[in-house]
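Participant: Following this line is protein-v7.cif, made up of mmCIF, C-alpha atoms and all ligand atoms:
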data_structure
loop_
_atom_site.label_atom_id
_atom_site.label_comp_id
_atom_site.auth_asym_id
_atom_site.auth_seq_id
_atom_site.Cartn_x
_atom_site.Cartn_y
_atom_site.Cartn_z
CA MET B 294 -29.26 -29.35 -54.59
CA ARG B 295 -32.51 -31.31 -54.73
CA TYR B 296 -32.82 -35.06 -54.11
CA ILE B 297 -35.78 -37.23 -55.09
CA LEU B 298 -36.88 -39.95 -52.66
CA ALA B 299 -37.75 -42.92 -54.86
CA SER B 300 -40.45 -44.53 -52.71
CA ASN B 301 -44.22 -44.68 -52.44
CA ASN B 302 -44.13 -46.12 -48.89
CA LYS B 303 -45.46 -43.39 -46.55
CA GLY B 304 -43.78 -44.92 -43.47
CA LYS B 305 -40.37 -44.93 -45.14
CA LEU B 306 -40.77 -41.44 -46.65
CA LYS B 307 -41.54 -39.95 -43.24
CA GLU B 308 -38.48 -41.58 -41.63
CA MET B 309 -36.14 -40.74 -44.51
CA LYS B 310 -37.22 -37.09 -44.64
CA ALA B 311 -36.78 -36.70 -40.86
CA ILE B 312 -33.25 -38.09 -40.88
CA LEU B 313 -32.06 -36.44 -44.09
CA ALA B 314 -33.34 -33.02 -42.94
CA SER B 315 -29.87 -32.38 -41.45
CA LEU B 316 -28.37 -32.38 -44.96
CA GLY B 317 -29.99 -28.99 -45.52
CA ALA B 318 -30.92 -30.06 -49.06
CA ASP B 319 -34.38 -30.18 -50.66
CA ILE B 320 -35.68 -33.70 -50.23
CA ILE B 321 -38.92 -34.43 -52.06
CA SER B 322 -40.76 -37.65 -52.78
CA GLN B 323 -41.09 -38.87 -56.35
CA SER B 324 -44.85 -38.30 -56.23
CA GLU B 325 -44.27 -34.66 -55.13
CA ALA B 326 -42.00 -34.40 -58.19
CA GLY B 327 -44.88 -35.68 -60.33
CA LEU B 328 -43.44 -39.15 -60.88
CA GLU B 329 -45.66 -42.23 -60.53
CA LEU B 330 -43.24 -45.14 -60.66
CA GLU B 331 -42.97 -48.61 -59.17
CA ALA B 332 -39.68 -50.11 -60.37
CA ASP B 333 -39.48 -53.92 -60.67
CA GLU B 334 -37.42 -55.15 -57.74
CA THR B 335 -35.60 -57.89 -59.62
CA GLY B 336 -32.40 -57.80 -57.54
CA LYS B 337 -31.32 -60.62 -55.22
CA THR B 338 -29.90 -58.30 -52.57
CA PHE B 339 -31.08 -55.17 -50.74
CA GLU B 340 -28.20 -53.26 -52.37
CA GLU B 341 -29.20 -54.29 -55.91
CA ASN B 342 -32.85 -53.37 -55.35
CA ALA B 343 -32.03 -50.01 -53.77
CA ILE B 344 -29.91 -49.12 -56.82
CA ILE B 345 -32.63 -50.33 -59.24
CA LYS B 346 -35.22 -48.07 -57.55
CA ALA B 347 -32.93 -45.03 -57.30
CA ARG B 348 -31.72 -45.43 -60.89
CA ALA B 349 -35.27 -45.66 -62.27
CA ALA B 350 -36.28 -42.37 -60.60
CA CYS B 351 -32.99 -40.67 -61.51
CA GLU B 352 -33.34 -41.64 -65.18
CA ALA B 353 -36.97 -40.50 -65.29
CA LEU B 354 -36.35 -37.10 -63.68
CA HIS B 355 -32.65 -36.43 -64.51
CA GLU B 356 -32.03 -35.55 -60.86
CA PRO B 357 -30.18 -37.38 -58.06
CA ALA B 358 -32.52 -39.97 -56.52
CA ILE B 359 -32.35 -41.79 -53.19
CA ALA B 360 -34.02 -45.14 -52.48
CA ASP B 361 -34.21 -47.53 -49.56
CA ASP B 362 -34.58 -51.27 -49.95
CA SER B 363 -35.19 -52.93 -46.67
CA GLY B 364 -36.72 -55.92 -45.00
CA LEU B 365 -36.84 -58.37 -42.17
CA ALA B 366 -34.54 -61.41 -41.98
CA VAL B 367 -35.67 -64.13 -39.56
CA GLU B 368 -32.97 -66.60 -38.52
CA ALA B 369 -35.26 -69.63 -38.10
CA LEU B 370 -36.75 -68.99 -41.56
CA GLY B 371 -33.33 -68.96 -43.26
CA GLY B 372 -33.36 -65.16 -43.63
CA ALA B 373 -36.94 -64.94 -45.01
CA PRO B 374 -38.87 -62.84 -45.83
CA GLY B 375 -35.68 -60.85 -46.68
CA VAL B 376 -35.87 -58.98 -49.99
CA TYR B 377 -39.45 -60.28 -50.35
CA SER B 378 -40.64 -58.60 -47.09
CA ALA B 379 -43.07 -56.28 -48.89
CA ARG B 380 -44.56 -59.17 -50.87
CA TYR B 381 -44.39 -61.92 -48.22
CA GLY B 382 -46.69 -64.79 -49.20
CA GLY B 383 -48.39 -62.57 -51.79
CA CYS B 384 -50.13 -60.70 -48.93
CA THR B 385 -51.34 -57.19 -49.70
CA THR B 386 -51.52 -55.57 -46.23
CA ASP B 387 -49.08 -55.19 -43.31
CA GLU B 388 -51.56 -56.98 -41.05
CA GLU B 389 -51.72 -60.03 -43.34
CA ARG B 390 -47.92 -60.17 -43.58
CA VAL B 391 -47.52 -59.95 -39.81
CA ASN B 392 -50.10 -62.73 -39.30
CA LEU B 393 -48.38 -64.95 -41.86
CA LEU B 394 -45.02 -64.41 -40.15
CA LEU B 395 -46.46 -65.34 -36.73
CA LYS B 396 -48.12 -68.42 -38.26
CA ASN B 397 -44.85 -69.53 -39.89
CA LEU B 398 -43.12 -69.18 -36.51
CA GLU B 399 -45.73 -71.13 -34.53
CA GLY B 400 -43.92 -73.53 -32.20
CA VAL B 401 -40.52 -72.06 -33.14
CA LYS B 402 -38.35 -71.16 -30.12
CA ASN B 403 -35.61 -69.28 -31.99
CA ARG B 404 -37.19 -65.85 -32.54
CA LYS B 405 -33.97 -64.03 -33.57
CA ALA B 406 -34.37 -61.55 -36.42
CA LYS B 407 -32.87 -58.42 -37.87
CA PHE B 408 -34.08 -55.53 -39.96
CA VAL B 409 -31.79 -54.54 -42.83
CA SER B 410 -31.84 -51.32 -44.84
CA CYS B 411 -29.75 -50.39 -47.83
CA ILE B 412 -29.85 -46.79 -49.04
CA ALA B 413 -28.71 -45.92 -52.56
CA CYS B 414 -28.31 -42.60 -54.30
CA VAL B 415 -27.88 -42.55 -58.07
CA PHE B 416 -26.71 -39.38 -59.86
CA PRO B 417 -27.50 -38.32 -63.44
CA ASN B 418 -23.82 -38.97 -64.40
CA GLY B 419 -24.29 -42.65 -63.39
CA ASP B 420 -22.39 -42.46 -60.07
CA ALA B 421 -23.93 -44.36 -57.14
CA ILE B 422 -23.45 -44.30 -53.36
CA THR B 423 -24.77 -47.05 -51.08
CA ALA B 424 -24.93 -47.55 -47.32
CA ARG B 425 -26.25 -50.41 -45.17
CA GLY B 426 -27.67 -50.52 -41.66
CA GLU B 427 -28.93 -53.39 -39.49
CA CYS B 428 -30.95 -53.61 -36.29
CA GLU B 429 -31.21 -56.78 -34.16
CA GLY B 430 -34.18 -58.08 -32.24
CA THR B 431 -36.65 -60.91 -31.76
CA ILE B 432 -40.09 -61.70 -33.14
CA THR B 433 -42.84 -61.49 -30.51
CA PHE B 434 -45.76 -63.94 -30.19
CA LEU B 435 -48.40 -61.22 -30.57
CA PRO B 436 -48.34 -57.73 -32.16
CA ARG B 437 -47.83 -54.79 -29.72
CA GLY B 438 -47.95 -51.00 -30.26
CA GLU B 439 -49.46 -48.53 -32.67
CA GLY B 440 -46.41 -46.70 -34.10
CA GLY B 441 -44.19 -47.34 -37.11
CA PHE B 442 -45.29 -49.53 -40.00
CA GLY B 443 -44.80 -52.98 -41.52
CA TYR B 444 -43.45 -55.60 -39.11
CA ASP B 445 -42.77 -53.06 -36.31
CA PRO B 446 -45.51 -54.40 -33.95
CA VAL B 447 -43.87 -57.87 -33.85
CA PHE B 448 -40.21 -56.78 -33.74
CA GLU B 449 -38.87 -56.45 -30.21
CA LEU B 450 -35.62 -54.48 -30.08
CA ALA B 451 -32.64 -56.33 -28.61
CA GLY B 452 -31.94 -55.23 -25.04
CA THR B 453 -35.41 -53.74 -24.54
CA GLU B 454 -38.86 -55.09 -23.89
CA LYS B 455 -40.38 -52.82 -26.49
CA THR B 456 -41.44 -53.44 -30.03
CA MET B 457 -40.56 -50.94 -32.75
CA ALA B 458 -44.23 -49.93 -32.69
CA GLU B 459 -44.05 -49.03 -28.96
CA ILE B 460 -41.33 -46.38 -29.27
CA SER B 461 -41.49 -42.81 -30.58
CA PRO B 462 -40.45 -41.97 -34.16
CA GLU B 463 -37.33 -40.22 -32.75
CA GLU B 464 -36.37 -43.30 -30.72
CA LYS B 465 -36.93 -45.53 -33.75
CA ASN B 466 -34.77 -43.33 -36.00
CA ALA B 467 -31.98 -43.40 -33.40
CA VAL B 468 -31.68 -47.19 -33.40
CA SER B 469 -33.32 -48.50 -36.55
CA HIS B 470 -31.67 -50.14 -39.54
CA ARG B 471 -32.86 -47.21 -41.71
CA GLY B 472 -31.59 -44.61 -39.24
CA ARG B 473 -28.18 -46.30 -39.15
CA ALA B 474 -27.97 -46.68 -42.93
CA LEU B 475 -29.05 -43.07 -43.47
CA ARG B 476 -26.43 -41.67 -41.10
CA ILE B 477 -23.67 -43.61 -42.92
CA PHE B 478 -25.21 -42.53 -46.22
CA GLU B 479 -25.25 -38.89 -45.14
CA MET B 480 -21.51 -39.03 -44.38
CA LYS B 481 -20.74 -40.66 -47.74
CA LEU B 482 -22.87 -38.08 -49.56
CA ARG B 483 -21.02 -35.20 -47.86
CA GLU B 484 -17.68 -36.79 -48.92
CA TYR B 485 -18.97 -37.28 -52.48
CA ASN B 486 -20.11 -33.65 -52.74
CA ALA B 487 -16.84 -32.37 -51.21
CA ASP B 488 -14.85 -34.21 -53.92
CA LYS B 489 -16.84 -32.54 -56.75
P1 LIG B 501 -39.29 -52.54 -49.92
O1 LIG B 501 -37.96 -52.04 -49.42
O2 LIG B 501 -40.13 -51.46 -50.49
O3 LIG B 501 -39.14 -53.74 -50.80
O4 LIG B 501 -40.15 -53.00 -48.67
C1 LIG B 501 -39.60 -53.32 -47.47
C2 LIG B 501 -40.63 -53.99 -46.59
O5 LIG B 501 -39.93 -54.47 -45.43
C3 LIG B 501 -41.70 -53.04 -46.06
O6 LIG B 501 -42.85 -53.02 -46.87
C4 LIG B 501 -42.00 -53.62 -44.68
O7 LIG B 501 -42.89 -54.70 -44.80
C5 LIG B 501 -40.63 -54.16 -44.26
N1 LIG B 501 -39.90 -53.13 -43.51
C6 LIG B 501 -38.83 -52.39 -43.95
N2 LIG B 501 -38.44 -51.51 -43.02
C7 LIG B 501 -39.29 -51.66 -41.98
C8 LIG B 501 -39.42 -51.01 -40.74
O8 LIG B 501 -38.70 -50.05 -40.40
N3 LIG B 501 -40.40 -51.47 -39.94
C9 LIG B 501 -41.23 -52.48 -40.28
N4 LIG B 501 -41.18 -53.11 -41.45
C10 LIG B 501 -40.21 -52.71 -42.30
#
Mind turning this structure into structure tokens?
Facilitator:
Amino acid sequence: MRYILASNNKGKLKEMKAILASLGADIISQSEAGLELEADETGKTFEENAIIKARAACEALHEPAIADDSGLAVEALGGAPGVYSARYGGCTTDEERVNLLLKNLEGVKNRKAKFVSCIACVFPNGDAITARGECEGTITFLPRGEGGFGYDPVFELAGTEKTMAEISPEEKNAVSHRGRALRIFEMKLREYNADK
């Protein structure tokens, strides 16, 4: 069985391929499958957007497609940037988004935040599987570390003094929102395939 990863985000693709390798299935990105697609993320929740992205790739290629919709929810900002994390303030680079976040939190003591990931797989027969994972932490005052992507340099993992950008890819996959969601997803996918 082959699964298409419906994403153009290199950081996400790397993490998703590493974790889903244990499925023993062929996992290829939509661009490797020859599909150039950027689905409109019109959903109001991570779940809705993950399904929109997976369904668009599945319908285009007639193969099962997996998508992640994820983001950062900051308590003091009422859950923002949330589903708008990739488009925060209309910024076009990770660095601009991180700087905007730090600016919006200037003088704010409550730095609590969480990363959320929802994984969806849509099959050509219309069936869908979803799984959600969360990871708690706090927003730092300055970026630290070179690893990861997105908001990783300003997200300090709860119970550690390290940002997501200061840990190895393996350590990140073990504790991250995406790692957690993918492990639940993997279980659900095995159950789904066993029932077929
Ligand atoms: P989308 O799911 O493609 O809409 O984008 C999610 C956005 O949330 C990314 O572009 C990042 O800005 C942010 N994000 C999601 N997961 C992570 C992560 O693991 N680390 C850092 N930022 C993340």
Participant: Please return as a list of chain:residue names the residues found within 7 Å of ligand LIG 501 (chain B), counting all atoms listed in the file.
Facilitator: B:Asn302, B:Asp361, B:Asp362, B:Ser363, B:Gly364, B:Leu365, B:Val376, B:Tyr377, B:Ser378, B:Ala379, B:Asp387, B:Phe408, B:Ser410, B:Gly441, B:Phe442, B:Gly443, B:Tyr444, B:Asp445, B:Ser469, B:Arg471
Participant: Do you know which residues are at most 9 Å from Phe416 of chain B counting all atoms listed in the file, after dropping those on the same chain fewer than 2 positions away, and could you put them as number ranges by chain?
Facilitator: B: 347-348, 351-352, 355-358, 414, 418-422
Participant: Return the single residue from B:Leu330, B:Leu398, B:Leu354, B:Cys428 that is closest to Ala467 of chain B, with distances computed using all atoms listed in the file.
Facilitator: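 Answer, going by the shortest atom-to-atom distance: B:Cys428.
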Participant: Hey, can you check how far atom CA of Ala458 of chain B sits from atom CA of Asn342 of chain B?
Facilitator: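 Here the two named atoms are 25.6 Å from each other.
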Participant: Can you tell me, as an mmCIF file with C-alpha atoms, in the frame of the given file, what residues are no more than 6 Å from segment 429-440 of chain B when counting all atoms listed in the file, ignoring any on the same chain fewer than 3 positions away?
Facilitator:
data_model
loop_
_atom_site.group_PDB
_atom_site.id
_atom_site.type_symbol
_atom_site.label_atom_id
_atom_site.label_comp_id
_atom_site.auth_asym_id
_atom_site.auth_seq_id
_atom_site.Cartn_x
_atom_site.Cartn_y
_atom_site.Cartn_z
ATOM 1 C CA ARG B 404 -37.190 -65.850 -32.540
ATOM 2 C CA LYS B 405 -33.970 -64.030 -33.570
ATOM 3 C CA ALA B 406 -34.370 -61.550 -36.420
ATOM 4 C CA LYS B 407 -32.870 -58.420 -37.870
ATOM 5 C CA PRO B 446 -45.510 -54.400 -33.950
ATOM 6 C CA VAL B 447 -43.870 -57.870 -33.850
ATOM 7 C CA PHE B 448 -40.210 -56.780 -33.740
ATOM 8 C CA GLU B 449 -38.870 -56.450 -30.210
ATOM 9 C CA LEU B 450 -35.620 -54.480 -30.080
ATOM 10 C CA ALA B 451 -32.640 -56.330 -28.610
ATOM 11 C CA ALA B 458 -44.230 -49.930 -32.690
ATOM 12 C CA GLU B 459 -44.050 -49.030 -28.960
#
Participant: Pick out the closest residue to Gly372 of chain B from this set: B:Ala424, B:Ala360, B:Ile320, B:Val409. Count all atoms listed in the file.
Facilitator: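 Of the candidates, the smallest distance to Gly372 of chain B is held by B:Val409.
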Participant: Go ahead and compute the interatomic distance for atom CA of Arg483 of chain B and atom CA of Pro417 of chain B, in Å to one decimal.
Facilitator: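 Atom CA of Pro417 of chain B lies 17.2 Å from atom CA of Arg483 of chain B.
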Participant: When you get a chance, write out all heavy atoms for segment 465-476 of chain B, as a PDB file, keeping the file's coordinate frame.
Facilitator:
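Here's the written file rebuild.pdb:
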ATOM      1  N   LYS B 465     -37.108 -44.542 -32.672  1.00  0.00           N
ATOM      2  CA  LYS B 465     -36.930 -45.530 -33.750  1.00  0.00           C
ATOM      3  C   LYS B 465     -35.798 -45.081 -34.681  1.00  0.00           C
ATOM      4  O   LYS B 465     -34.911 -45.864 -34.999  1.00  0.00           O
ATOM      5  CB  LYS B 465     -38.231 -45.731 -34.539  1.00  0.00           C
ATOM      6  CG  LYS B 465     -38.039 -46.749 -35.664  1.00  0.00           C
ATOM      7  CD  LYS B 465     -39.278 -47.110 -36.459  1.00  0.00           C
ATOM      8  CE  LYS B 465     -38.874 -48.009 -37.629  1.00  0.00           C
ATOM      9  NZ  LYS B 465     -39.974 -48.319 -38.546  1.00  0.00           N
ATOM     10  N   ASN B 466     -35.814 -43.813 -35.084  1.00  0.00           N
ATOM     11  CA  ASN B 466     -34.770 -43.330 -36.000  1.00  0.00           C
ATOM     12  C   ASN B 466     -33.374 -43.439 -35.387  1.00  0.00           C
ATOM     13  O   ASN B 466     -32.388 -43.608 -36.094  1.00  0.00           O
ATOM     14  CB  ASN B 466     -35.043 -41.881 -36.413  1.00  0.00           C
ATOM     15  CG  ASN B 466     -36.211 -41.785 -37.379  1.00  0.00           C
ATOM     16  OD1 ASN B 466     -36.591 -42.779 -37.990  1.00  0.00           O
ATOM     17  ND2 ASN B 466     -36.792 -40.599 -37.504  1.00  0.00           N
ATOM     18  N   ALA B 467     -33.292 -43.335 -34.053  1.00  0.00           N
ATOM     19  CA  ALA B 467     -31.980 -43.400 -33.400  1.00  0.00           C
ATOM     20  C   ALA B 467     -31.375 -44.798 -33.442  1.00  0.00           C
ATOM     21  O   ALA B 467     -30.152 -44.936 -33.454  1.00  0.00           O
ATOM     22  CB  ALA B 467     -32.102 -42.921 -31.946  1.00  0.00           C
ATOM     23  N   VAL B 468     -32.215 -45.829 -33.488  1.00  0.00           N
ATOM     24  CA  VAL B 468     -31.680 -47.190 -33.400  1.00  0.00           C
ATOM     25  C   VAL B 468     -31.978 -48.069 -34.610  1.00  0.00           C
ATOM     26  O   VAL B 468     -31.430 -49.164 -34.740  1.00  0.00           O
ATOM     27  CB  VAL B 468     -32.227 -47.925 -32.144  1.00  0.00           C
ATOM     28  CG1 VAL B 468     -31.763 -47.238 -30.875  1.00  0.00           C
ATOM     29  CG2 VAL B 468     -33.748 -48.039 -32.182  1.00  0.00           C
ATOM     30  N   SER B 469     -32.854 -47.610 -35.481  1.00  0.00           N
ATOM     31  CA  SER B 469     -33.320 -48.500 -36.550  1.00  0.00           C
ATOM     32  C   SER B 469     -32.272 -48.732 -37.630  1.00  0.00           C
ATOM     33  O   SER B 469     -31.321 -47.954 -37.784  1.00  0.00           O
ATOM     34  CB  SER B 469     -34.589 -47.947 -37.195  1.00  0.00           C
ATOM     35  OG  SER B 469     -34.258 -46.894 -38.079  1.00  0.00           O
ATOM     36  N   HIS B 470     -32.468 -49.814 -38.364  1.00  0.00           N
ATOM     37  CA  HIS B 470     -31.670 -50.140 -39.540  1.00  0.00           C
ATOM     38  C   HIS B 470     -31.626 -48.954 -40.520  1.00  0.00           C
ATOM     39  O   HIS B 470     -30.575 -48.584 -41.019  1.00  0.00           O
ATOM     40  CB  HIS B 470     -32.283 -51.373 -40.227  1.00  0.00           C
ATOM     41  CG  HIS B 470     -33.764 -51.281 -40.441  1.00  0.00           C
ATOM     42  ND1 HIS B 470     -34.640 -50.914 -39.443  1.00  0.00           N
ATOM     43  CD2 HIS B 470     -34.542 -51.455 -41.546  1.00  0.00           C
ATOM     44  CE1 HIS B 470     -35.868 -50.890 -39.912  1.00  0.00           C
ATOM     45  NE2 HIS B 470     -35.845 -51.211 -41.189  1.00  0.00           N
ATOM     46  N   ARG B 471     -32.800 -48.315 -40.743  1.00  0.00           N
ATOM     47  CA  ARG B 471     -32.860 -47.210 -41.710  1.00  0.00           C
ATOM     48  C   ARG B 471     -32.130 -45.988 -41.162  1.00  0.00           C
ATOM     49  O   ARG B 471     -31.425 -45.305 -41.900  1.00  0.00           O
ATOM     50  CB  ARG B 471     -34.334 -46.879 -42.020  1.00  0.00           C
ATOM     51  CG  ARG B 471     -34.521 -45.872 -43.143  1.00  0.00           C
ATOM     52  CD  ARG B 471     -35.949 -45.853 -43.666  1.00  0.00           C
ATOM     53  NE  ARG B 471     -36.363 -47.155 -44.140  1.00  0.00           N
ATOM     54  CZ  ARG B 471     -37.119 -48.002 -43.448  1.00  0.00           C
ATOM     55  NH1 ARG B 471     -37.596 -47.672 -42.275  1.00  0.00           N
ATOM     56  NH2 ARG B 471     -37.414 -49.192 -43.933  1.00  0.00           N
ATOM     57  N   GLY B 472     -32.282 -45.727 -39.860  1.00  0.00           N
ATOM     58  CA  GLY B 472     -31.590 -44.610 -39.240  1.00  0.00           C
ATOM     59  C   GLY B 472     -30.085 -44.802 -39.365  1.00  0.00           C
ATOM     60  O   GLY B 472     -29.351 -43.878 -39.743  1.00  0.00           O
ATOM     61  N   ARG B 473     -29.626 -46.031 -39.071  1.00  0.00           N
ATOM     62  CA  ARG B 473     -28.180 -46.300 -39.150  1.00  0.00           C
ATOM     63  C   ARG B 473     -27.678 -46.156 -40.580  1.00  0.00           C
ATOM     64  O   ARG B 473     -26.638 -45.533 -40.823  1.00  0.00           O
ATOM     65  CB  ARG B 473     -27.880 -47.719 -38.637  1.00  0.00           C
ATOM     66  CG  ARG B 473     -28.096 -47.811 -37.156  1.00  0.00           C
ATOM     67  CD  ARG B 473     -27.683 -49.148 -36.585  1.00  0.00           C
ATOM     68  NE  ARG B 473     -27.766 -49.048 -35.131  1.00  0.00           N
ATOM     69  CZ  ARG B 473     -28.222 -50.005 -34.332  1.00  0.00           C
ATOM     70  NH1 ARG B 473     -28.611 -51.156 -34.822  1.00  0.00           N
ATOM     71  NH2 ARG B 473     -28.258 -49.810 -33.037  1.00  0.00           N
ATOM     72  N   ALA B 474     -28.402 -46.745 -41.519  1.00  0.00           N
ATOM     73  CA  ALA B 474     -27.970 -46.680 -42.930  1.00  0.00           C
ATOM     74  C   ALA B 474     -27.952 -45.227 -43.401  1.00  0.00           C
ATOM     75  O   ALA B 474     -27.022 -44.801 -44.084  1.00  0.00           O
ATOM     76  CB  ALA B 474     -28.906 -47.511 -43.806  1.00  0.00           C
ATOM     77  N   LEU B 475     -28.971 -44.459 -43.001  1.00  0.00           N
ATOM     78  CA  LEU B 475     -29.050 -43.070 -43.470  1.00  0.00           C
ATOM     79  C   LEU B 475     -27.938 -42.210 -42.912  1.00  0.00           C
ATOM     80  O   LEU B 475     -27.428 -41.313 -43.594  1.00  0.00           O
ATOM     81  CB  LEU B 475     -30.413 -42.468 -43.119  1.00  0.00           C
ATOM     82  CG  LEU B 475     -31.559 -42.895 -44.037  1.00  0.00           C
ATOM     83  CD1 LEU B 475     -32.904 -42.517 -43.430  1.00  0.00           C
ATOM     84  CD2 LEU B 475     -31.422 -42.265 -45.420  1.00  0.00           C
ATOM     85  N   ARG B 476     -27.514 -42.483 -41.668  1.00  0.00           N
ATOM     86  CA  ARG B 476     -26.430 -41.670 -41.100  1.00  0.00           C
ATOM     87  C   ARG B 476     -25.102 -41.980 -41.817  1.00  0.00           C
ATOM     88  O   ARG B 476     -24.297 -41.082 -42.066  1.00  0.00           O
ATOM     89  CB  ARG B 476     -26.353 -41.845 -39.584  1.00  0.00           C
ATOM     90  CG  ARG B 476     -27.480 -41.054 -38.879  1.00  0.00           C
ATOM     91  CD  ARG B 476     -27.357 -41.069 -37.382  1.00  0.00           C
ATOM     92  NE  ARG B 476     -27.667 -42.369 -36.823  1.00  0.00           N
ATOM     93  CZ  ARG B 476     -28.903 -42.809 -36.551  1.00  0.00           C
ATOM     94  NH1 ARG B 476     -29.942 -42.048 -36.786  1.00  0.00           N
ATOM     95  NH2 ARG B 476     -29.101 -44.005 -36.042  1.00  0.00           N
TER      96      ARG B 476
END
